[in-house]
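Data block for my_file_24.cif (mmCIF, C-alpha atoms):
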data_model
loop_
_atom_site.group_PDB
_atom_site.id
_atom_site.type_symbol
_atom_site.label_atom_id
_atom_site.label_comp_id
_atom_site.auth_asym_id
_atom_site.auth_seq_id
_atom_site.Cartn_x
_atom_site.Cartn_y
_atom_site.Cartn_z
ATOM 1 C CA MET A 1 -5.704 141.392 -43.521
ATOM 2 C CA LYS A 2 -2.583 143.333 -42.623
ATOM 3 C CA LEU A 3 -2.861 146.300 -40.317
ATOM 4 C CA ARG A 4 -1.465 149.474 -41.863
ATOM 5 C CA MET A 5 0.675 151.756 -39.710
ATOM 6 C CA GLU A 6 1.808 155.076 -41.188
ATOM 7 C CA VAL A 7 4.609 156.764 -39.285
ATOM 8 C CA PHE A 8 5.241 160.474 -39.914
ATOM 9 C CA SER A 9 8.585 162.133 -39.302
ATOM 10 C CA GLY A 10 9.936 165.589 -40.009
ATOM 11 C CA ASP A 11 13.120 166.400 -41.871
ATOM 12 C CA PRO A 12 15.508 167.427 -40.414
ATOM 13 C CA PRO A 13 14.277 165.090 -37.675
ATOM 14 C CA CYS A 14 13.666 166.073 -34.060
ATOM 15 C CA PRO A 15 14.730 163.570 -31.351
ATOM 16 C CA GLY A 16 11.156 162.235 -31.196
ATOM 17 C CA CYS A 17 11.125 161.632 -34.958
ATOM 18 C CA THR A 18 14.483 159.839 -34.838
ATOM 19 C CA ALA A 19 13.146 157.613 -32.056
ATOM 20 C CA ILE A 20 9.838 156.869 -33.798
ATOM 21 C CA LEU A 21 11.560 155.850 -37.057
ATOM 22 C CA ALA A 22 13.696 153.360 -35.118
ATOM 23 C CA LEU A 23 10.555 152.087 -33.391
ATOM 24 C CA ALA A 24 8.829 151.721 -36.768
ATOM 25 C CA ASP A 25 11.676 149.506 -38.032
ATOM 26 C CA GLU A 26 11.536 147.446 -34.843
ATOM 27 C CA TYR A 27 7.770 146.927 -35.157
ATOM 28 C CA ALA A 28 8.028 146.077 -38.855
ATOM 29 C CA ARG A 29 10.382 143.208 -37.894
ATOM 30 C CA LYS A 30 8.399 142.208 -34.810
ATOM 31 C CA TYR A 31 5.057 141.958 -36.616
ATOM 32 C CA LYS A 32 6.278 140.897 -40.025
ATOM 33 C CA GLY A 33 3.343 139.524 -42.025
ATOM 34 C CA LYS A 34 0.755 141.154 -39.755
ATOM 35 C CA LEU A 35 1.700 144.795 -39.946
ATOM 36 C CA GLU A 36 2.456 147.010 -42.929
ATOM 37 C CA VAL A 37 4.688 149.859 -41.786
ATOM 38 C CA ILE A 38 4.934 152.926 -44.012
ATOM 39 C CA LYS A 39 7.412 155.648 -43.107
ATOM 40 C CA LEU A 40 6.603 159.135 -44.408
ATOM 41 C CA VAL A 41 9.453 161.588 -43.945
ATOM 42 C CA GLY A 42 9.875 165.285 -44.658
ATOM 43 C CA GLN A 43 8.435 166.849 -47.799
ATOM 44 C CA GLU A 44 7.137 163.494 -49.105
ATOM 45 C CA ALA A 45 5.008 163.260 -45.955
ATOM 46 C CA VAL A 46 3.240 166.573 -46.509
ATOM 47 C CA PRO A 47 0.332 165.431 -48.757
ATOM 48 C CA LYS A 48 -0.737 162.655 -46.348
ATOM 49 C CA PHE A 49 0.036 164.897 -43.356
ATOM 50 C CA GLU A 50 -2.442 167.436 -44.738
ATOM 51 C CA GLU A 51 -4.958 164.784 -45.778
ATOM 52 C CA TYR A 52 -5.126 163.509 -42.188
ATOM 53 C CA LYS A 53 -5.156 167.117 -40.883
ATOM 54 C CA LEU A 54 -2.210 166.370 -38.601
ATOM 55 C CA SER A 55 -0.724 169.337 -36.777
ATOM 56 C CA CYS A 56 2.732 168.074 -35.899
ATOM 57 C CA VAL A 57 5.149 165.170 -36.048
ATOM 58 C CA PRO A 58 6.078 162.585 -34.923
ATOM 59 C CA ALA A 59 2.744 160.945 -35.609
ATOM 60 C CA VAL A 60 1.303 157.453 -36.015
ATOM 61 C CA VAL A 61 -1.811 156.688 -38.036
ATOM 62 C CA ILE A 62 -3.180 153.158 -37.836
ATOM 63 C CA ASN A 63 -5.665 152.041 -40.476
ATOM 64 C CA GLU A 64 -6.293 155.700 -41.336
ATOM 65 C CA LYS A 65 -7.050 156.663 -37.721
ATOM 66 C CA ILE A 66 -4.774 159.147 -35.970
ATOM 67 C CA ARG A 67 -3.507 157.456 -32.818
ATOM 68 C CA ILE A 68 -0.414 159.397 -31.771
ATOM 69 C CA GLU A 69 0.655 162.944 -32.539
ATOM 70 C CA GLY A 70 3.526 165.115 -31.310
ATOM 71 C CA ILE A 71 5.340 162.506 -29.238
ATOM 72 C CA CYS A 72 7.255 159.279 -29.675
ATOM 73 C CA PRO A 73 5.166 156.720 -27.773
ATOM 74 C CA SER A 74 6.474 154.078 -25.405
ATOM 75 C CA ARG A 75 6.310 150.494 -26.643
ATOM 76 C CA THR A 76 3.369 149.882 -24.299
ATOM 77 C CA THR A 77 1.457 152.809 -25.801
ATOM 78 C CA LEU A 78 2.215 151.718 -29.339
ATOM 79 C CA ASP A 79 1.226 148.120 -28.528
ATOM 80 C CA ASN A 80 -2.085 149.399 -27.133
ATOM 81 C CA ALA A 81 -2.675 151.509 -30.231
ATOM 82 C CA LEU A 82 -2.029 148.500 -32.470
ATOM 83 C CA ARG A 83 -4.310 146.330 -30.356
ATOM 84 C CA GLU A 84 -7.055 148.961 -30.628
ATOM 85 C CA GLY A 85 -6.460 148.865 -34.364
ATOM 86 C CA GLY A 86 -7.085 145.126 -34.409
ATOM 87 C CA LEU A 87 -3.634 143.522 -34.295
ATOM 88 C CA MET B 88 22.777 199.158 -31.934
ATOM 89 C CA ASN B 89 23.371 195.818 -33.648
ATOM 90 C CA LYS B 90 20.471 193.407 -33.623
ATOM 91 C CA VAL B 91 21.102 189.906 -32.275
ATOM 92 C CA LYS B 92 20.564 187.474 -35.120
ATOM 93 C CA VAL B 93 18.534 184.368 -34.324
ATOM 94 C CA GLU B 94 18.401 181.629 -36.943
ATOM 95 C CA VAL B 95 15.718 179.010 -36.408
ATOM 96 C CA PHE B 96 15.665 175.606 -38.089
ATOM 97 C CA LEU B 97 12.368 173.722 -38.122
ATOM 98 C CA SER B 98 11.523 170.349 -39.580
ATOM 99 C CA VAL B 99 8.988 169.723 -42.347
ATOM 100 C CA PRO B 100 6.337 168.766 -41.296
ATOM 101 C CA THR B 101 6.830 170.685 -38.045
ATOM 102 C CA CYS B 102 7.362 168.720 -34.837
ATOM 103 C CA SER B 103 5.731 169.579 -31.507
ATOM 104 C CA GLY B 104 8.963 171.188 -30.264
ATOM 105 C CA GLY B 105 9.074 173.327 -33.386
ATOM 106 C CA ILE B 106 5.533 174.555 -32.768
ATOM 107 C CA SER B 107 6.427 175.454 -29.169
ATOM 108 C CA LEU B 108 9.591 177.202 -30.318
ATOM 109 C CA SER B 109 7.707 179.215 -32.937
ATOM 110 C CA ARG B 110 5.272 180.393 -30.249
ATOM 111 C CA LEU B 111 8.147 181.282 -27.925
ATOM 112 C CA LEU B 112 9.932 183.251 -30.626
ATOM 113 C CA GLY B 113 6.703 185.126 -31.272
ATOM 114 C CA GLU B 114 6.808 186.255 -27.629
ATOM 115 C CA ILE B 115 10.479 187.202 -27.943
ATOM 116 C CA GLU B 116 9.753 189.195 -31.078
ATOM 117 C CA ARG B 117 6.963 191.090 -29.308
ATOM 118 C CA GLU B 118 9.199 191.844 -26.304
ATOM 119 C CA PHE B 119 12.502 192.522 -28.047
ATOM 120 C CA GLY B 120 11.374 193.163 -31.607
ATOM 121 C CA ASP B 121 13.740 196.039 -32.282
ATOM 122 C CA LYS B 122 16.730 194.245 -30.762
ATOM 123 C CA VAL B 123 16.516 190.830 -32.433
ATOM 124 C CA GLU B 124 16.433 189.640 -36.016
ATOM 125 C CA ILE B 125 14.719 186.288 -36.345
ATOM 126 C CA VAL B 126 15.195 184.242 -39.501
ATOM 127 C CA THR B 127 13.270 180.988 -39.823
ATOM 128 C CA TYR B 128 14.227 178.100 -42.108
ATOM 129 C CA LYS B 129 11.844 175.218 -42.751
ATOM 130 C CA GLY B 130 13.268 171.900 -43.904
ATOM 131 C CA ARG B 131 16.830 170.857 -44.595
ATOM 132 C CA ASN B 132 19.100 173.388 -46.294
ATOM 133 C CA GLU B 133 22.791 174.205 -46.801
ATOM 134 C CA LEU B 134 23.013 176.176 -43.558
ATOM 135 C CA PHE B 135 21.724 173.200 -41.582
ATOM 136 C CA GLU B 136 24.701 171.239 -42.895
ATOM 137 C CA LYS B 137 27.103 174.182 -42.455
ATOM 138 C CA TYR B 138 26.329 174.446 -38.754
ATOM 139 C CA ASN B 139 26.688 170.639 -38.418
ATOM 140 C CA LEU B 140 23.173 170.401 -37.031
ATOM 141 C CA THR B 141 21.694 166.947 -36.634
ATOM 142 C CA THR B 142 18.220 167.492 -35.218
ATOM 143 C CA ALA B 143 15.458 170.059 -35.285
ATOM 144 C CA PRO B 144 14.331 172.361 -33.860
ATOM 145 C CA ALA B 145 17.621 174.209 -33.635
ATOM 146 C CA LEU B 146 18.570 177.742 -32.692
ATOM 147 C CA ILE B 147 21.657 179.585 -33.826
ATOM 148 C CA ILE B 148 22.172 182.811 -31.925
ATOM 149 C CA GLY B 149 24.845 185.252 -32.998
ATOM 150 C CA GLY B 150 26.323 182.616 -35.295
ATOM 151 C CA LEU B 151 26.717 179.999 -32.555
ATOM 152 C CA VAL B 152 24.726 176.808 -32.093
ATOM 153 C CA ARG B 153 22.835 177.262 -28.837
ATOM 154 C CA ILE B 154 19.931 174.814 -28.843
ATOM 155 C CA MET B 155 19.438 171.627 -30.822
ATOM 156 C CA GLY B 156 16.592 169.115 -30.660
ATOM 157 C CA LEU B 157 14.383 170.853 -28.143
ATOM 158 C CA CYS B 158 12.407 173.958 -27.317
ATOM 159 C CA PRO B 159 14.174 175.831 -24.493
ATOM 160 C CA SER B 160 12.461 177.649 -21.643
ATOM 161 C CA LYS B 161 11.909 181.353 -22.173
ATOM 162 C CA GLU B 162 14.454 182.016 -19.411
ATOM 163 C CA SER B 163 17.127 179.930 -21.165
ATOM 164 C CA LEU B 164 16.435 181.595 -24.479
ATOM 165 C CA ILE B 165 16.715 185.087 -23.001
ATOM 166 C CA SER B 166 19.994 184.073 -21.301
ATOM 167 C CA ALA B 167 21.357 182.879 -24.636
ATOM 168 C CA LEU B 168 20.263 186.146 -26.259
ATOM 169 C CA LYS B 169 21.970 188.150 -23.516
ATOM 170 C CA GLU B 170 25.182 186.185 -23.980
ATOM 171 C CA ALA B 171 25.016 187.139 -27.627
ATOM 172 C CA GLY B 172 24.751 190.820 -26.724
ATOM 173 C CA LEU B 173 21.066 191.517 -26.071
ATOM 174 C CA GLU B 174 20.761 194.511 -23.740
#

structure tokens encoding of this file:
Amino acid sequence: MKLRMEVFSGDPPCPGCTAILALADEYARKYKGKLEVIKLVGQEAVPKFEEYKLSCVPAVVINEKIRIEGICPSRTTLDNALREGGL
Amino acid sequence: MNKVKVEVFLSVPTCSGGISLSRLLGEIEREFGDKVEIVTYKGRNELFEKYNLTTAPALIIGGLVRIMGLCPSKESLISALKEAGLE
């Protein structure tokens, strides 16, 4: 079963949001077939943002668990979060 | 006495820098309330494009772009306000 990674970004984006969206594209290519990457940006992100009770962006939710909030993680951190999520 | 106009652009959903900036502006408003006029915009709008902004949070002070993509220190913000005429 594919792991689901939801990436939240604000609009207009802050530098962290710009970086995390690029990272999301990179990870979608890197783990093609294993990871489903969903980018939620700006107003369209608000319903899910509220559902997860997030407080700020950028944020990463893996299989419905909040893993990262308020920063763009390093690749090592994101790899660890994905591993924790079962990748 | 003319008030110094501060225009604040925040992303939707708000990023961590935007939250910090909102808190900082709250302090500024308490300290210089009668000398500054703070206008906050959430999300992308025509003014964001007009000022050629690319990232949030952003601060326009006295009609000039002063800060883009980060929350400044209180000291930096007060310096920018003084340059714009804060006494």

(request) Choose the residue, out of A:Gly16, A:Gly70, A:Gly85, A:Pro47, that has the smallest atom-to-atom separation from chain B; count only C-alpha atoms. (result) A:Gly70

(request) Within 6 Å of chain B, which residues of chain A are there when counting all atoms listed in the file? Please give them as an MDAnalysis selection string. (result) chainID A and resid 10:15 42 56:57 70

I'd like the residues picked by the PyMOL selection byres ((chain A and resi 72-81) around 10) written out as a tab-separated table (two decimals) with C-alpha atoms, in the coordinates of the input, using the chain letters and numbers from the file.
chain	number	residue	atom	x	y	z
A	15	PRO	CA	14.73	163.57	-31.35
A	16	GLY	CA	11.16	162.24	-31.20
A	17	CYS	CA	11.12	161.63	-34.96
A	18	THR	CA	14.48	159.84	-34.84
A	19	ALA	CA	13.15	157.61	-32.06
A	20	ILE	CA	9.84	156.87	-33.80
A	21	LEU	CA	11.56	155.85	-37.06
A	23	LEU	CA	10.56	152.09	-33.39
A	24	ALA	CA	8.83	151.72	-36.77
A	27	TYR	CA	7.77	146.93	-35.16
A	57	VAL	CA	5.15	165.17	-36.05
A	58	PRO	CA	6.08	162.58	-34.92
A	59	ALA	CA	2.74	160.94	-35.61
A	60	VAL	CA	1.30	157.45	-36.02
A	61	VAL	CA	-1.81	156.69	-38.04
A	62	ILE	CA	-3.18	153.16	-37.84
A	66	ILE	CA	-4.77	159.15	-35.97
A	67	ARG	CA	-3.51	157.46	-32.82
A	68	ILE	CA	-0.41	159.40	-31.77
A	69	GLU	CA	0.66	162.94	-32.54
A	70	GLY	CA	3.53	165.12	-31.31
A	71	ILE	CA	5.34	162.51	-29.24
A	82	LEU	CA	-2.03	148.50	-32.47
A	83	ARG	CA	-4.31	146.33	-30.36
A	84	GLU	CA	-7.06	148.96	-30.63
A	85	GLY	CA	-6.46	148.86	-34.36
A	86	GLY	CA	-7.08	145.13	-34.41
A	87	LEU	CA	-3.63	143.52	-34.30

Might I get the box with edges along x, y and z of the file that holds all atoms of stretch 11-19 of chain A listed there, padded by 5 Å on every side, given as centre and edge lengths in Å to one decimal, as JSON?
{"center_x": 13.3, "center_y": 162.5, "center_z": -36.5, "size_x": 14.4, "size_y": 19.8, "size_z": 20.7}

(request) Take atom CA of B:Glu94 and atom CA of B:Ile148 and report the distance between them in Å, one decimal. (result)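 A separation of 6.4 Å between them.
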
(message) Just to confirm, what's the straight-line distance from atom CA of A:Val7 to atom CA of B:Leu134 in Å (one decimal)?
(response)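 One can read the atom CA of A:Val7 to atom CA of B:Leu134 distance as 27.1 Å.
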
(request) Compile the contact shell of B:Asp121 as a list in words: residues with an atom at most 12 Å away, counting only C-alpha atoms, same-chain residues fewer than 4 positions apart removed. (result)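 Answer for this query is Met88, Asn89, Lys90, Val91, Lys92, Ile115, Glu116, Arg117, Ile125, Leu173 and Glu174 of chain B.
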
(request) Report as a list of chain:residue names the full result of the PyMOL selection byres ((chain A and resi 32-41) around 6) when it is applied to this structure. (result)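 So the PyMOL selection byres ((chain A and resi 32-41) around 6), applied here, picks out A:Lys2, A:Leu3, A:Arg4, A:Met5, A:Glu6, A:Val7, A:Phe8, A:Ser9, A:Gly10, A:Ala28, A:Arg29, A:Lys30, A:Tyr31, A:Gly42, A:Glu44, A:Ala45.
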
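Atom pair atom CA of B:Ser166 / atom CA of B:Arg153: separated by 10.5 Å.
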
(message) Which residues, named as in the file, does the PyMOL selection byres ((chain B and resi 112) around 12) pick out? Answer as a PyMOL selection string.
(response) chain B and resi 93-95+105-111+113-120+123-127+146+158-161+164-165+168
